[in-house]
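Asker: Supplied in structure tokens, the structure appears directly below.
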Amino acid sequence: MGYPHPSHSRETPVLSKYFGDAEARTLAGWQARGGYETLRQALATDPVEVQNVVKDSGLRGRGGAGFPTGVKWSFMKPDGKTHYLCINADESEPGTFKDRELMRWTPHQLVEGTAIAAHAIYAETAYIYIRGEYTEPIARVREAVREAYAAGILGANAMGSGKRVDVHVHKGAGAYICGEETALMNSLEGRRGNPRIKPPFPAVAGLFAKPTTINNVETVCAATHVLRNGADWYKSLSNPANPKSTGTKLFSVCGNVARPGNYEVGMGFSMKEFLWDLCGGPPAGRSFKAIIPGGSSVPILTPEECETAVMDYEGIQAAGSLLGSGGVICFDDSQDMVRQIARLARFYAHESCAQCTQCREGTAWTTRILERIRDGQGTMKDLDTLLEIADNMTGKTICVLSDSCATPVVSGLKKFRHEFEAKIPKNRSSVMIPGFSPAAA
Amino acid sequence: MSLHAMAPHGHDQHADHVPVFTGARRAELDELLTRYPTKMAALLPALWMLQEDRGWVSPDGMAEVARELELTPAYVQGVVTFYTMYHQHPVGRHFVQVCTTTPCNVCGAEDVVNAFLRETKCGELGVTSPDGRFTVIEVECLGACGFATPVMVNGTMIECVSVDSVKDLLAGLD
Amino acid sequence: MTAPAAPANPGMVTLTIEGREVIVPPGTNLIEAAKTAGVLVPHYCYHPSLPVAGVCRMCLVEVEKFPKLAPACATSVGEGQVVHVHSEKAREARKGVLEFLLINHPLDCPICDQAGECELQDYTFAEGRKDSRYMEPKRFNPMEDFGGDVLYVPNRCILCTRCVRFMDVVAHDPVLNVSERGDRAYIGKFEGSDLTHEWASNVVDLCPVGALLSKDFLNKARAWELDRTASICPSCSQGCNVTLEMRDNVVVRIRPRPNMAVNQHFACETGRLNYRWINRRDRLEYPQVRTADGLVTASWSDAIAKAAALLTGTRRVTVLASPSLSNETLFLLGRLAAQVGATTVTTIRRGHEAPLPGVPDLSLRAERAANHTGAEVFGFVDSASPLASVGADDVLILADAAGMVPTLPAGSTIIVMGTVLDDAMRELAAVALPICNFAEEDGTFTNLRGRVQRFLQAKAPPAQVRPSYRVAGDLATATGAGTFPALASDVFGALAAHVPAFAGLSYRNLGLQGSVTAAPAEVTA
């Protein structure tokens with residue numbers, strides 16, 4: 001539901017059903033709403049069977065990459081080794097705040113999903129890595145974990161199943177890149193949050209060099225509902241014409257929009273109806289200029305491109321962007337796209353972990369050029385340079401932060417080139433560099 | 001590091017460091033260590049405890065954490081400087097972090113920052129106000145984009161702060 | 001994902017790199033595989049003696065059927081792979097990396113110690129852009145003293161992290177870190193803990209650019225002014241392979257020379273500082289003999305004849321030889337001793353043991369003697385007081401051993417083979433024969449594991465100074481022990497034929513990596 005706005009009739013509230021319902025936060029409240037029954041059943045079910053139900057449901061990872069969850073779980077074999085589950089609650093992609101609400105309102109939903117996922121991958125220990133800025137979600141989840149331990153839901157004999165399920169909350173300390181799964185594992189191990197080279201993949205050597213699965217908060221919450229109601233039910237929530245994107249998805253909507261918030265709709269929902277009906281369209285008296293549909297790292301769309309798009313993995317890709325994390329950032333016609341793209345680049349320059357050359361230097365250089373153009377000191381040649389830098393930053397680094405910085409630059413220059421050109425004084429071929437000009441000296 | 005750390009808080013560097021990990025904190029750390037197969041994994045939580053108790057992560061504090069977790073101070077320093085939430089210098093009583101990343105930026109977050117700088121008399125980002133009460137910084141995405149502009153004051157997230165609400169917000173702080 | 005092809009060479013992986021067939025063991029990375037085909041994949045962060053970081057992204061190569069360029073350092077060979085190092089796509093990617101590395105670089109090559117041996121220069125020359133597109137102000141961080149012998153110039157740093165990994169994984173003394181992130185990142189050091197580890201200076205060699213500099217070498221020479229000679233460090237019995245770097249016949253720097261069986265790529269601080277005594281100017285430059293007027297300069301033939309006369313009398317002879325003399329010299333001294341019935345002794349100076357923990361069996365050894373294994377083979381017995389049994393009427397040969405004993409037996413007749421003559425010896429010596437130090441002659445040392453390794457003449461000796469093996473050979477000949485060759489290589493041939501422990505070794509086959517003797521000393525844990 002579109003918390004803080006009342007649920008829209010065209011939403012399909014499954015995960016978000018209890019947003020705004022303070023009673024659902026407590027163990028008693030959660031159990032009164034049917035909570036932990038699915039975990040009880042899951043613990044009595046063979047992990048392979050759990051994996052298969054999730055496989056059948058078509059559930060894909062909600063963190064951004066969209067990898068089929070059941071398939072990911074099935075990489076984990078009963079090999080007698082210690083396995084770990086990491087829950088990625090580092091929600092840090094600008095424009096995305098769905099996991100925050102899941103944890104604030106339904107922390108037990110996360111604990112239950114976590115325990116189920118741990119069981120499904122033969123893990124006894126799960127870590128929920130929550131970004132440090134999420135002080136309230138951390139407090140809510142910690143309290144839920146405490147309650148669950150006290151009630152015997154977690155611990156050496158989880159719900160009397162004879163199986164051990166330990167869940168620990170781990171607080172991050174301010175680093176966007178820790179949302180990247182291998183960086184998250186490094187951070188959890190007490191290291192700098194540097195992404196790791198793959199292979200080895202986490203399922204082979206992940207956290208503490210043991211086989212590890214990393215799942216997003218929304219993913220494991222959805223898995224619980226899949227197990228409770230069955231794969232067919234889950235598939236029935238989305239557009240039957242596209243079996244590749246199933247179930248519901250939480251979309252966070254922010255920026256210049258009449259009703260920002262979280263909206264849960266079936267996959268395949270019309271983006272036009274979503275933006276204009278559910279979210280109320282642009283602020284009064286304004287029109288949309290641009291939409292970033294899947295968190296700041298995906299290509300920018302024009303309103304025209306959005307009008308025909310459907311909101312699932314394939315539909316947004318067909319429109320020229322990506323579903324990503326489901327963070328929808330809206331820009332209205334009062335926005336200066338050069339300024340905003342420069343601001344996005346600065347975000348990535350700030351967050352680059354400093355490992356790969358292209359990212360460390362490229363994000364900062366891109367930012368400096370964009371800010372110079374923003375300040376009226378650009379040249380036409382800068383636009384070509386930006387695109388070449390973006391090309392040198394794409395597909396060449398350990399993780400995709402570098403690519404993510406290049407993406408809005410490339411799509412922005414493609415779709416809003418006139419705004420860049422308008423800031424460049426005619427016939428300018430050289431630049432005045434602050435500190436180098438006689439006036440500044 | 002030395003040149004970065006020296007000014008302007010040089011006088012604090014060698015202030016007598018009172019150990020953090022005694023009594024209840026010691027018990028808390030010991031319990032924490034049971035959750036992980038390595039001592040190193042307790043580094044982020046241990047640094048949080050240090051900061052909660054001392055207000056910032058001082059070099060002496062890093063050295064203490066290093067001793068506790070069988071690491072070197074240099075290693076701890078590398079980790080501390082990676083994460084933006086650890087204060088490497090003392091900060092004002094109220095540490096105000098205003099999100100100005102794109103989703104909030106388009107909703108006027110930079111005006112909110114300026115309002116804070118004006119009202120707290122900090123004047124500049126990262127500078128502690130003359131009365132020692134406030135330090136205001138811009139931060140990257142706080143993950144509450146639908147509630148622009150979110151502001152973290154110490155450990156509390158305040159949603160939907162606008163230029164007009166800054167004064168009232170500050171009035172509620174000591 | 002393709003199904004694994006049946007290997008063309010069982011147990012090995014066969015692939016094609018730059019059109020050349022390469023056969024390497026499984027698990028080999030593409031940089032090492034390419035080396036076997038004579039192809040250099042440009043790289044910065046990769047180093048064969050350090051764990052792979054994969055961060056500089058310089059070694060990107062095109063592997064057919066891969067969706068993206070692959071970092072050669074972090075990509076293992078695959079059967080049937082076809083790898084292009086110099087395809088346009090790979091070259092463009094590296095060009096991009098070079099441009100990124102240079103945007104904040106001060107381009108201060110004219111005043112940089114690394115210039116001429118800088119991989120940033122080399123690869124930029126080979127593959128970089130001809131112009132700079134960077135028009136923004138450059139990042140600046142001040143130079144920092146890292147303690148020990150190391151200076152850090154952050155503006156030149158490319159964050160390859162070789163130094164951090166070395167101190168952490170190899171030296172087990174993690175005093176360096178990467179601090180901050182993004183383009184604000186730099187190599188950090190915690191205030192108060194310096195780079196004082198015995199092996200810390202290796203970070204200077206490992207640094208591919210001019211970011212970590214040796215204070216000791218600072219501004220002494222440009223890289224292209226240096227003549228380089230392969231040598232062996234004489235500081236201890238480890239036998240680290242080193243390169244002596246000379247400018248105008250003066251050794252100005254000693255750096256490790258790779259030998260994976262001995263010292264990998266490393267050398268300790270002690271070994272690096274040898275150049276100081278190698279260059280001593282107060283040398284014994286001419287043969288001297290004692291006359292009524294004291295010690296006077298003589299011709300080599302007179303001096304040898306005088307010494308031989310002393311040795312062939314009826315007096316008891318003791319040869320005290322340095323355990324850091326070459327196998328060749330010790331062999332010939334042994335022949336001399338046999339001829340005149342002399343006792344052969346040595347004394348091994350001992351110091352603290354300083355291991356490099358990340359490399360198996362690598363340490364600054366407590367035994368500060370380059371060739372005590374050889375000395376033992378040639379019959380020189382180690383003793384803390386080697387001259388205890390020398391009598392007042394004895395003849396004593398001190399072969400590069402003048403400073404090795406605190407007091408000399410009163411009244412004995414002393415023949416000195418040495419590089420310098422101190423005041424005490426000037427009073428005592430009957431004959432003084434000037435010899436080369438190890439930098440001035442050819443020869444071999446046998447390290448503590450029985451590895452026989454060659455060192456080469458790096459510089460010309462002063463005045464009439466002669467190689468130590470030749471002086472020993474001339475003395476032996478003069479006492480009637482026969483004739484001996486004038487070249488170290490030929491002396492080695494003679495000793496290999498004569499001494500069972502060296503059986504089967506030839507000077508040529510020792511190459512620059514050495515060979516292990518037939519009966520190597522046992523490796524102790």
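Following the order of the structure tokens, first chain is A, next is B, and so on, with residues numbered from 1 inside each chain and ligands from 1 in the order they appear.
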Taking 5 positions as the minimum chain separation for residues in the same chain, which residues sit within 6 Å of Cys236 in chain C when counting only C-alpha atoms? Answer as a list in words.
Answerer: Arg365, Glu367, Arg368, Ala369 and Ala370 of chain C
Asker: Find the residues of chain C in contact range of chain B, meaning any atom within 9 Å when counting only C-alpha atoms, and list them as a PyMOL selection string.
Answerer: chain C and resi 142+144+173-181+186-191+193
Asker: Neighbouring residues of range 18-33 of chain A were defined as those with any atom within 8 Å, considering only C-alpha atoms; residues of the same chain fewer than 5 positions away were excluded. Please report them as a list in words.
Answerer: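 These residues fall inside the cut-off: Met1, Tyr3, Pro4, Glu101, Leu102, Arg104, Trp105, Thr106, Pro107, His108, Gln109, Arg140, Ala144, Glu147 and Ala148 of chain A.
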Asker: Using only C-alpha atoms, determine which residues lie at most 9 Å from Glu119 in chain B, disregarding the query and same-chain residues fewer than 3 positions distant; provide the list as a PDB file with C-alpha atoms, in the first residue's frame.
Answerer:
```pdb
ATOM      1  CA  ASN B 114      21.044  26.162   3.912  1.00  0.00           C
ATOM      2  CA  ALA B 115      18.278  26.728   6.398  1.00  0.00           C
ATOM      3  CA  PHE B 116      20.075  24.486   8.898  1.00  0.00           C
ATOM      4  CA  CYS B 122      27.277  26.730  11.726  1.00  0.00           C
ATOM      5  CA  GLY B 123      27.712  28.692   8.534  1.00  0.00           C
ATOM      6  CA  VAL B 166      13.823  23.767  10.413  1.00  0.00           C
ATOM      7  CA  LYS B 167      13.432  26.440  13.080  1.00  0.00           C
ATOM      8  CA  LEU B 170      15.970  23.019  16.198  1.00  0.00           C
TER       9      LEU B 170
END
```
Asker: Point out the residue among B:Gly126, B:Gly92, B:Gly23, B:Gly172 with the least atom-to-atom distance to Trp56 in chain B, counting only C-alpha atoms.
Answerer: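 Using only C-alpha atoms, the shortest distance to Trp56 in chain B belongs to B:Gly92.
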Asker: Output the contact residues of chain A with respect to chain C at a cut-off of 7 Å, based on only C-alpha atoms, as a ChimeraX atom specification.
Answerer: /A:349-358,360-362,364,368,392,395-397,433
Asker: Please identify all polymer residues within 6 Å of range 113-115 of chain A, counting only C-alpha atoms, omitting same-chain residues fewer than 2 positions from it, and present them as an MDAnalysis selection string.
Answerer: chainID A and resid 110:111 117:118 220:221 224
Asker: Which residue gives the smallest distance to chain B among A:Lys55, A:Lys415, A:Arg100, A:Arg146, with only C-alpha atoms counted?
Answerer: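 For chain B, the nearest of the given residues is A:Arg100.
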Asker: Taking 4 positions as the minimum chain separation for residues in the same chain, which residues sit within 9 Å of range 21-35 of chain C when counting only C-alpha atoms? Answer as a list in words.
Answerer: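 Using only C-alpha atoms, the neighbours found are Asn9, Gly11, Met12, Val13, Thr14, Leu15, Thr16, Ile17, Val39, Leu40, Val41, Pro42, His43, Tyr46, Pro48, Cys59, Val61, Pro71, Ala72, Cys73, Ala74, Thr75, Ser76, Val77, Gly78, Glu79, Val83 and Val85 of chain C.
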Asker: Provide as a VMD selection string the residues of chain B at most 7 Å from chain A, counting only C-alpha atoms.
Answerer: chain B and resid 40 to 45 79 82 to 86 101 to 104 106 to 107 140 to 146 155 to 156
Asker: Work out how far apart CA of Asp131 in chain C and CA of Ile398 in chain A are and give it in Å to one decimal.
Answerer: 27.7 Å
Asker: Pick out the closest residue to Asp60 in chain B from this set: C:Phe140, C:Gly192, C:Thr446, C:Ile414. Count only C-alpha atoms.
Answerer: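 The closest residue to Asp60 in chain B is C:Gly192.
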Asker: Rounded to one decimal in Å, what is the spacing between CA of Pro137 in chain A and CA of Ala171 in chain B?
Answerer: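 Interatomic distance here is 26.1 Å.
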Asker: For Gly473 in chain C, list every protein, DNA or RNA residue within 12 Å, evaluated using only C-alpha atoms, and leave out those in the same chain fewer than 5 positions away; present the list as a ChimeraX atom specification.
Answerer: /C:304,308,328-337,339,466-468,478-488,490-491,494
Asker: Go ahead and save the picked residues with C-alpha atoms, as a compact mmCIF listing (two decimals), in the first residue's frame.
Answerer:
```
# COMPACT_ATOMS: atom_id res chain seq x y z
CA ILE C 304 103.53 -13.61 -3.08
CA ALA C 308 105.18 -18.32 0.24
CA GLU C 328 86.43 -20.61 -5.46
CA THR C 329 88.57 -18.72 -2.97
CA LEU C 330 87.87 -21.13 -0.14
CA PHE C 331 88.64 -24.09 -2.41
CA LEU C 332 92.01 -22.64 -3.35
CA LEU C 333 92.77 -21.67 0.24
CA GLY C 334 91.95 -25.26 1.08
CA ARG C 335 94.47 -26.47 -1.52
CA LEU C 336 97.04 -24.11 -0.09
CA ALA C 337 96.33 -25.35 3.42
CA GLN C 339 99.97 -28.19 0.68
CA ARG C 466 93.17 -8.65 -7.37
CA PRO C 467 90.33 -11.14 -7.11
CA SER C 468 90.54 -13.14 -3.88
CA ALA C 478 103.95 -20.46 -4.95
CA THR C 479 103.93 -23.07 -2.19
CA GLY C 480 104.12 -25.84 -4.77
CA ALA C 481 100.47 -26.91 -4.83
CA GLY C 482 100.33 -26.86 -8.62
CA THR C 483 98.81 -24.35 -11.00
CA PHE C 484 95.33 -23.00 -10.93
CA PRO C 485 93.17 -21.18 -13.48
CA ALA C 486 92.98 -17.42 -13.59
CA LEU C 487 89.23 -17.21 -14.15
CA ALA C 488 86.56 -17.88 -11.55
CA ASP C 490 87.62 -22.26 -14.55
CA VAL C 491 88.32 -22.47 -10.83
CA ALA C 494 88.29 -27.48 -11.08
```
Asker: Return as a list in words the full set of residues in range 44-153 of chain B whose backbone-based DSSP assignment is strand (DSSP E or B).
Answerer: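 Written out, the strand (DSSP E or B) residues of range 44-153 of chain B are His94, Phe95, Val96, Gln97, Val98, Cys99, Thr128, Phe134, Thr135, Val136, Ile137, Glu138, Val139, Val151, Met152 and Val153 of chain B.
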Asker: Store the residues of this selection in a file with N, CA and C atoms, as a PDB file, in the first residue's frame.
Answerer:
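File again_31.pdb, as written:
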```pdb
ATOM      1  N   HIS B  94      24.610  17.911  18.689  1.00  0.00           N
ATOM      2  CA  HIS B  94      23.612  17.409  17.748  1.00  0.00           C
ATOM      3  C   HIS B  94      24.226  17.347  16.362  1.00  0.00           C
ATOM      4  N   PHE B  95      24.315  16.146  15.876  1.00  0.00           N
ATOM      5  CA  PHE B  95      24.934  15.936  14.569  1.00  0.00           C
ATOM      6  C   PHE B  95      23.812  15.836  13.549  1.00  0.00           C
ATOM      7  N   VAL B  96      23.718  16.833  12.693  1.00  0.00           N
ATOM      8  CA  VAL B  96      22.594  16.952  11.770  1.00  0.00           C
ATOM      9  C   VAL B  96      23.031  16.546  10.366  1.00  0.00           C
ATOM     10  N   GLN B  97      22.399  15.508   9.831  1.00  0.00           N
ATOM     11  CA  GLN B  97      22.752  15.036   8.490  1.00  0.00           C
ATOM     12  C   GLN B  97      21.554  15.218   7.568  1.00  0.00           C
ATOM     13  N   VAL B  98      21.742  16.012   6.548  1.00  0.00           N
ATOM     14  CA  VAL B  98      20.654  16.299   5.627  1.00  0.00           C
ATOM     15  C   VAL B  98      20.922  15.603   4.301  1.00  0.00           C
ATOM     16  N   CYS B  99      19.965  14.801   3.862  1.00  0.00           N
ATOM     17  CA  CYS B  99      20.123  14.099   2.594  1.00  0.00           C
ATOM     18  C   CYS B  99      19.905  15.076   1.443  1.00  0.00           C
ATOM     19  N   THR B 128      31.457  22.906  13.433  1.00  0.00           N
ATOM     20  CA  THR B 128      30.623  22.895  14.621  1.00  0.00           C
ATOM     21  C   THR B 128      30.264  24.333  15.007  1.00  0.00           C
ATOM     22  N   PHE B 134      25.834  22.209  17.452  1.00  0.00           N
ATOM     23  CA  PHE B 134      25.466  21.595  16.176  1.00  0.00           C
ATOM     24  C   PHE B 134      26.652  21.397  15.233  1.00  0.00           C
ATOM     25  N   THR B 135      26.599  20.321  14.506  1.00  0.00           N
ATOM     26  CA  THR B 135      27.418  20.152  13.312  1.00  0.00           C
ATOM     27  C   THR B 135      26.451  19.707  12.221  1.00  0.00           C
ATOM     28  N   VAL B 136      26.487  20.385  11.082  1.00  0.00           N
ATOM     29  CA  VAL B 136      25.571  20.061   9.995  1.00  0.00           C
ATOM     30  C   VAL B 136      26.385  19.540   8.808  1.00  0.00           C
ATOM     31  N   ILE B 137      25.982  18.401   8.283  1.00  0.00           N
ATOM     32  CA  ILE B 137      26.619  17.933   7.052  1.00  0.00           C
ATOM     33  C   ILE B 137      25.553  17.508   6.034  1.00  0.00           C
ATOM     34  N   GLU B 138      25.974  17.504   4.783  1.00  0.00           N
ATOM     35  CA  GLU B 138      25.154  16.911   3.728  1.00  0.00           C
ATOM     36  C   GLU B 138      25.489  15.433   3.706  1.00  0.00           C
ATOM     37  N   VAL B 139      24.513  14.580   3.533  1.00  0.00           N
ATOM     38  CA  VAL B 139      24.829  13.163   3.353  1.00  0.00           C
ATOM     39  C   VAL B 139      24.213  12.660   2.065  1.00  0.00           C
ATOM     40  N   VAL B 151      16.050  14.052   7.535  1.00  0.00           N
ATOM     41  CA  VAL B 151      17.194  14.587   8.262  1.00  0.00           C
ATOM     42  C   VAL B 151      17.469  13.683   9.444  1.00  0.00           C
ATOM     43  N   MET B 152      18.725  13.280   9.598  1.00  0.00           N
ATOM     44  CA  MET B 152      19.106  12.494  10.772  1.00  0.00           C
ATOM     45  C   MET B 152      19.696  13.448  11.795  1.00  0.00           C
ATOM     46  N   VAL B 153      19.109  13.454  12.981  1.00  0.00           N
ATOM     47  CA  VAL B 153      19.693  14.221  14.064  1.00  0.00           C
ATOM     48  C   VAL B 153      20.162  13.199  15.089  1.00  0.00           C
TER      49      VAL B 153
END
```
